[in-house]
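Below is one structure, written out as structure tokens, with a few remarks after it.
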Amino acid sequence: MNKLEIAKPDDWHLHLRDGAVLEAVAPHSAAHFARAIIMPNLVPPVVTTTDAIAYRERIMAALPGDTGFKPLMTLYLTEATEPADVEAGFRDGVITAVKLYPAGATTNSQSGVRDIEKVMPVLERMADIGLPLCVHGEVTDSEIDIFDREAVFIERVLSPLRKRLPELKIVMEHITTKDGVDFARSQDERVGATITTHHLIINRNAILAGGIRPHYYCLPVAKRELHRLALREAATSGEARFFLGTDSAPHLDPLKESACGCAGVFSAPNTMACLAHVFEEEDALDKLEAFTSLNGPAFYGLTPNRERITLIREDEPVDYPSGVMAGSDRITVFDPMFPLHWRVAE
Ligand code: DOR
Ligand code: ZN
């Protein structure tokens with residue numbers, strides 16, 4: 001197959017940042033995606049509906065004039081979040097989800113949740129009104145090995161929360177393990193799981209073998225090969241519970257190429273090409289549309305995009321930029337370490 005037409009994709013987990021980085025990266029997502037769930041972990045974070053309205057305006061101002069791209073806003077859950085504000089933001093159509101970061105789990109998560117008890121009133125309200133919770137599923141306990149933090153989160157936090165509040169819709173974000181795949185499959189339709197492009201392509205060797213490569217470092221960190229294979233099987237299965245959340249997370253190169261580098265992989269410019277490559281390798285191009293364009297809207301109760309895109313497979317490798325500039329600083333683009341032959345037709 002050299003040509004594939006699908007409904008325009010959505011990205012169910014995206015970091016657009018702010019200021020010069022926002023201006024540099026937003027057009028890349030808008031080029032291939034119709035909508036995206038926008039992560040709220042700015043400094044300071046997007047915690048109230050008022051914050052989300054202001055951030056949405058900054059995003060719209062950074063987009064090309066003719067864009068049809070729609071940012072779907074989220075609120076950053078803190079122990080001080082007001083159920084009434086969350087409900088108002090949802091009813092007014094401002095917010096599409098609320099994001100739970102365990103405090104200390106990742107970039108700008110210091111204001112996140114330490115004690116889940118403290119946010120139960122918000123979660124109960126969300127369950128009542130049908131507002132999904134997006135979860136960064138890693139424990140932060142320093143005694144837990146970083147490669148085990150997702151599996152331990154499922155056991156200690158997610159599984160009990162599901163039993164306590166089964167009506168709450170939950171997105172297990174950027175799952176990186178077979179444990180995540182298996183848990184998602186063990187749950188009813190109120191649990192979905194996003195998978196990133198890069199976790200379908202790299203395992204932990206990419207970060208650590210033959211030299212330390214900071215541009216492959218993200219959180220949750222890539223795991224062993226058996227987990228990557230489980231993710232590929234899940235993403236290409238067509239099952240409704242699995243959908244794309246790229247977690248494209250730009251950081252300026254100096255902040256990644258450092259003695260203590262930031263977590264995040266910036267994949268927006270070549271994500272669709274990488275996914276077409278993966279699905280082709282798995283002999284599952286017929287399942288790509290479900291993963292990128294159908295399963296996510298169904299979970300969120302939205303209709304798929306009417307606009308369509310065409311992916312074209314070129315005989316010769318297609319050139320993608322290895323980086324984009326934000327002011328005078330560069331942001332490295334995800335390098336899948338194989339030539340890309342697919343492109344999205346203009
Ligand atoms: O790798 C990551 N980068 N994981 C996250 O959870 C946050 C993100 C970021 O904001 O940089
Ligand atoms: Zn993220």
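Residue names in the structure tokens use chain letters A, B, ... in the order shown, residue numbers from 1 in each chain, and ligand numbers from 1 in the order shown.
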
List every residue of region 48-276 of chain A that DSSP, applied to the backbone of this structure, places in strand (DSSP E), and write the result as a CSV table (one decimal) with C-alpha atoms, in the first residue's frame.
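What landed in result25.csv:
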```csv
chain,number,residue,atom,x,y,z
A,70,LYS,CA,-8.9,23.0,18.2
A,71,PRO,CA,-7.0,22.9,21.5
A,72,LEU,CA,-8.9,20.8,24.1
A,73,MET,CA,-8.0,22.3,27.4
A,74,THR,CA,-7.2,20.5,30.7
A,75,LEU,CA,-6.9,21.6,34.2
A,76,TYR,CA,-4.0,20.7,36.4
A,95,ILE,CA,-12.2,22.1,29.6
A,96,THR,CA,-12.3,18.5,28.2
A,97,ALA,CA,-10.4,16.7,31.0
A,98,VAL,CA,-8.5,17.1,34.3
A,99,LYS,CA,-4.9,16.0,34.6
A,100,LEU,CA,-3.6,14.2,37.7
A,133,LEU,CA,-9.4,12.2,34.4
A,134,CYS,CA,-6.1,11.9,32.6
A,135,VAL,CA,-3.6,10.2,34.8
A,170,ILE,CA,-9.9,7.5,33.4
A,171,VAL,CA,-7.3,7.8,30.7
A,172,MET,CA,-4.1,5.9,31.6
A,191,VAL,CA,-10.9,3.2,31.1
A,192,GLY,CA,-8.8,4.2,28.0
A,193,ALA,CA,-5.1,4.3,27.5
A,194,THR,CA,-2.9,6.5,25.3
A,195,ILE,CA,0.3,5.3,23.7
A,242,PHE,CA,-6.2,2.3,22.9
A,243,PHE,CA,-5.5,5.6,21.2
A,244,LEU,CA,-2.8,8.0,20.3
```

- Return as a PyMOL selection string the full set of residues in region 127-281 of chain A whose backbone-based DSSP assignment is helix (DSSP H, G or I). chain A and resi 127-129+146-164+178-186+198-200+205-208+214-216+225-235+253-256+271-281

- Point out the residue among A:Leu131, A:Val43, A:Leu302, A:Val181 with the least atom-to-atom distance to Ser237 (chain A), counting only C-alpha atoms.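 The shortest atom-to-atom distance to Ser237 (chain A) comes from A:Val181.
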
Within 9 Å of ligand 2: each chain A residue with its shortest pair, only C-alpha atoms and all ligand atoms, as JSON lines:
```
{"residue": "A:His13", "atom": "CA", "partner": "ligand 2", "partner_atom_place_in_ligand_line": "1 (Zn)", "distance": 6.3}
{"residue": "A:Leu14", "atom": "CA", "partner": "ligand 2", "partner_atom_place_in_ligand_line": "1 (Zn)", "distance": 6.4}
{"residue": "A:His15", "atom": "CA", "partner": "ligand 2", "partner_atom_place_in_ligand_line": "1 (Zn)", "distance": 6.3}
{"residue": "A:Met39", "atom": "CA", "partner": "ligand 2", "partner_atom_place_in_ligand_line": "1 (Zn)", "distance": 6.6}
{"residue": "A:Asn41", "atom": "CA", "partner": "ligand 2", "partner_atom_place_in_ligand_line": "1 (Zn)", "distance": 8.5}
{"residue": "A:Thr106", "atom": "CA", "partner": "ligand 2", "partner_atom_place_in_ligand_line": "1 (Zn)", "distance": 8.6}
{"residue": "A:Thr107", "atom": "CA", "partner": "ligand 2", "partner_atom_place_in_ligand_line": "1 (Zn)", "distance": 8.5}
{"residue": "A:His136", "atom": "CA", "partner": "ligand 2", "partner_atom_place_in_ligand_line": "1 (Zn)", "distance": 7.8}
{"residue": "A:Glu173", "atom": "CA", "partner": "ligand 2", "partner_atom_place_in_ligand_line": "1 (Zn)", "distance": 7.9}
{"residue": "A:His174", "atom": "CA", "partner": "ligand 2", "partner_atom_place_in_ligand_line": "1 (Zn)", "distance": 7.6}
{"residue": "A:Cys218", "atom": "CA", "partner": "ligand 2", "partner_atom_place_in_ligand_line": "1 (Zn)", "distance": 8.9}
{"residue": "A:Leu219", "atom": "CA", "partner": "ligand 2", "partner_atom_place_in_ligand_line": "1 (Zn)", "distance": 7.7}
{"residue": "A:Pro220", "atom": "CA", "partner": "ligand 2", "partner_atom_place_in_ligand_line": "1 (Zn)", "distance": 9.0}
{"residue": "A:Gly245", "atom": "CA", "partner": "ligand 2", "partner_atom_place_in_ligand_line": "1 (Zn)", "distance": 8.6}
{"residue": "A:Thr246", "atom": "CA", "partner": "ligand 2", "partner_atom_place_in_ligand_line": "1 (Zn)", "distance": 8.2}
{"residue": "A:Asp247", "atom": "CA", "partner": "ligand 2", "partner_atom_place_in_ligand_line": "1 (Zn)", "distance": 4.5}
{"residue": "A:Ser248", "atom": "CA", "partner": "ligand 2", "partner_atom_place_in_ligand_line": "1 (Zn)", "distance": 7.1}
{"residue": "A:Ala249", "atom": "CA", "partner": "ligand 2", "partner_atom_place_in_ligand_line": "1 (Zn)", "distance": 6.4}
{"residue": "A:Gly264", "atom": "CA", "partner": "ligand 2", "partner_atom_place_in_ligand_line": "1 (Zn)", "distance": 7.7}
```

- Between A:Thr196, A:Thr50, A:Asn2, A:Ser159, which is the closest to ligand 1 once you count only C-alpha atoms and all ligand atoms?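 Between A:Thr196, A:Thr50, A:Asn2, A:Ser159, the residue approaching ligand 1 most closely is A:Thr196.
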
- Task: Mind checking which residues fall within 12 Å of region 22-24 of chain A, counting only C-alpha atoms, ignoring those fewer than 3 positions away in the same chain, and posting them as a PyMOL selection string?
- Result: chain A and resi 14-19+27-30+38+42+55-64+249-252+266+268-269+323-332

- Fewer than 2 positions away in the same chain doesn't count, so skip those; otherwise give me all residues within 8 Å of Gly296 (chain A), counting only C-alpha atoms, as a list in words. Asp10, Trp12, Ala240, Phe242, Phe243, Leu244, Phe291, Thr292, Ser293, Leu294, Ala298, Phe299 and Tyr300 of chain A

With N, CA, C and O atoms retained, export the selected residues as a CSV table (one decimal), in the first residue's frame.
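Once everything was written out, this is part.csv:
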```csv
chain,number,residue,atom,x,y,z
A,10,ASP,N,-6.3,13.1,15.8
A,10,ASP,CA,-6.3,13.9,17.0
A,10,ASP,C,-5.2,13.4,17.9
A,10,ASP,O,-4.9,12.3,17.9
A,12,TRP,N,-4.2,13.0,21.7
A,12,TRP,CA,-4.9,13.0,23.0
A,12,TRP,C,-4.0,13.2,24.2
A,12,TRP,O,-4.3,13.0,25.3
A,240,ALA,N,-10.8,-0.4,20.9
A,240,ALA,CA,-11.3,1.0,21.2
A,240,ALA,C,-10.6,1.6,22.4
A,240,ALA,O,-10.5,2.9,22.4
A,242,PHE,N,-7.5,1.8,23.2
A,242,PHE,CA,-6.2,2.3,22.9
A,242,PHE,C,-6.2,3.4,21.9
A,242,PHE,O,-6.7,3.2,20.8
A,243,PHE,N,-5.6,4.6,22.2
A,243,PHE,CA,-5.5,5.6,21.2
A,243,PHE,C,-4.3,6.5,21.4
A,243,PHE,O,-3.6,6.4,22.4
A,244,LEU,N,-4.0,7.3,20.3
A,244,LEU,CA,-2.8,8.0,20.3
A,244,LEU,C,-2.8,9.2,21.2
A,244,LEU,O,-3.7,10.0,21.2
A,291,PHE,N,-6.6,4.0,15.6
A,291,PHE,CA,-5.7,4.4,16.7
A,291,PHE,C,-5.5,5.9,16.7
A,291,PHE,O,-5.5,6.6,17.8
A,292,THR,N,-5.4,6.6,15.5
A,292,THR,CA,-5.1,8.0,15.5
A,292,THR,C,-6.4,8.9,15.4
A,292,THR,O,-6.3,10.1,15.7
A,293,SER,N,-7.5,8.3,14.9
A,293,SER,CA,-8.6,9.2,14.6
A,293,SER,C,-10.0,8.8,15.0
A,293,SER,O,-10.9,9.6,14.9
A,294,LEU,N,-10.2,7.5,15.5
A,294,LEU,CA,-11.5,7.1,15.8
A,294,LEU,C,-11.7,6.7,17.3
A,294,LEU,O,-12.7,7.1,17.9
A,298,ALA,N,-14.2,8.6,20.3
A,298,ALA,CA,-15.3,7.7,20.9
A,298,ALA,C,-15.2,7.7,22.4
A,298,ALA,O,-16.2,7.8,23.1
A,299,PHE,N,-14.0,7.6,22.9
A,299,PHE,CA,-13.8,7.6,24.4
A,299,PHE,C,-14.3,8.9,25.0
A,299,PHE,O,-15.0,9.0,26.0
A,300,TYR,N,-14.0,10.0,24.3
A,300,TYR,CA,-14.4,11.4,24.9
A,300,TYR,C,-15.8,11.8,24.5
A,300,TYR,O,-16.2,12.9,24.8
```

- Message: Please compute the CA of Leu226 (chain A)-CA of Lys178 (chain A) distance, one decimal, in Å.
- Response: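 Going from CA of Leu226 (chain A) over to CA of Lys178 (chain A) covers 7.5 Å.
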
- Message: When you count only C-alpha atoms and all ligand atoms, which of these residues is closest to ligand 1: A:Ile6, A:Ala84, A:Ala105, A:Val152?
- Response: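 Using only C-alpha atoms and all ligand atoms, ligand 1 sits closest to A:Ala105.
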
Could you give me, as a short mmCIF file (atom, residue, chain, number, x, y, z; two decimals) with N, CA and C atoms, in the first residue's frame, the residues within 8 Å of Ile309 (chain A), counting only C-alpha atoms and dropping anything in the same chain fewer than 3 positions from it?
```
data_model
loop_
_atom_site.label_atom_id
_atom_site.label_comp_id
_atom_site.auth_asym_id
_atom_site.auth_seq_id
_atom_site.Cartn_x
_atom_site.Cartn_y
_atom_site.Cartn_z
N GLU A 5 -5.86 6.92 3.05
CA GLU A 5 -6.68 8.07 3.44
C GLU A 5 -7.41 7.75 4.74
N ILE A 6 -7.29 8.64 5.69
CA ILE A 6 -7.95 8.42 6.99
C ILE A 6 -8.58 9.73 7.48
N ALA A 7 -9.52 9.59 8.44
CA ALA A 7 -10.05 10.80 9.09
C ALA A 7 -8.89 11.52 9.75
N LYS A 8 -8.95 12.84 9.77
CA LYS A 8 -7.83 13.62 10.32
C LYS A 8 -7.58 13.22 11.79
N HIS A 32 -1.04 18.42 11.14
CA HIS A 32 -1.49 17.03 10.94
C HIS A 32 -2.67 16.63 11.83
N VAL A 344 2.56 13.13 5.06
CA VAL A 344 1.16 13.56 4.96
C VAL A 344 1.07 14.48 3.77
N ALA A 345 0.16 14.16 2.83
CA ALA A 345 0.01 15.00 1.63
C ALA A 345 -0.45 16.39 2.04
#
```

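Comparing the minimum interatomic distances between Thr140 (chain A) and each of A:Pro9, A:Gly301, A:Gly104, A:Pro317, counting only C-alpha atoms, we find that A:Gly104 sits nearest.
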
- Nearby residues (only C-alpha atoms) at most 9 Å from Gly68 (chain A), same-chain spacing under 3 positions excluded, as a ChimeraX atom specification: /A:30,34-35,65

- Message: When you count only C-alpha atoms and all ligand atoms, which of these residues is closest to ligand 1: A:Cys262, A:Leu288, A:Ile129, A:Ala103?
- Response: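 Using only C-alpha atoms and all ligand atoms, ligand 1 sits closest to A:Cys262.
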
- Query: Which of these residues is nearest to ligand 1, using only C-alpha atoms and all ligand atoms: A:Val94, A:Met272, A:Val122, A:Ala263?
  - Reply: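 Between A:Val94, A:Met272, A:Val122, A:Ala263, the residue approaching ligand 1 most closely is A:Ala263.
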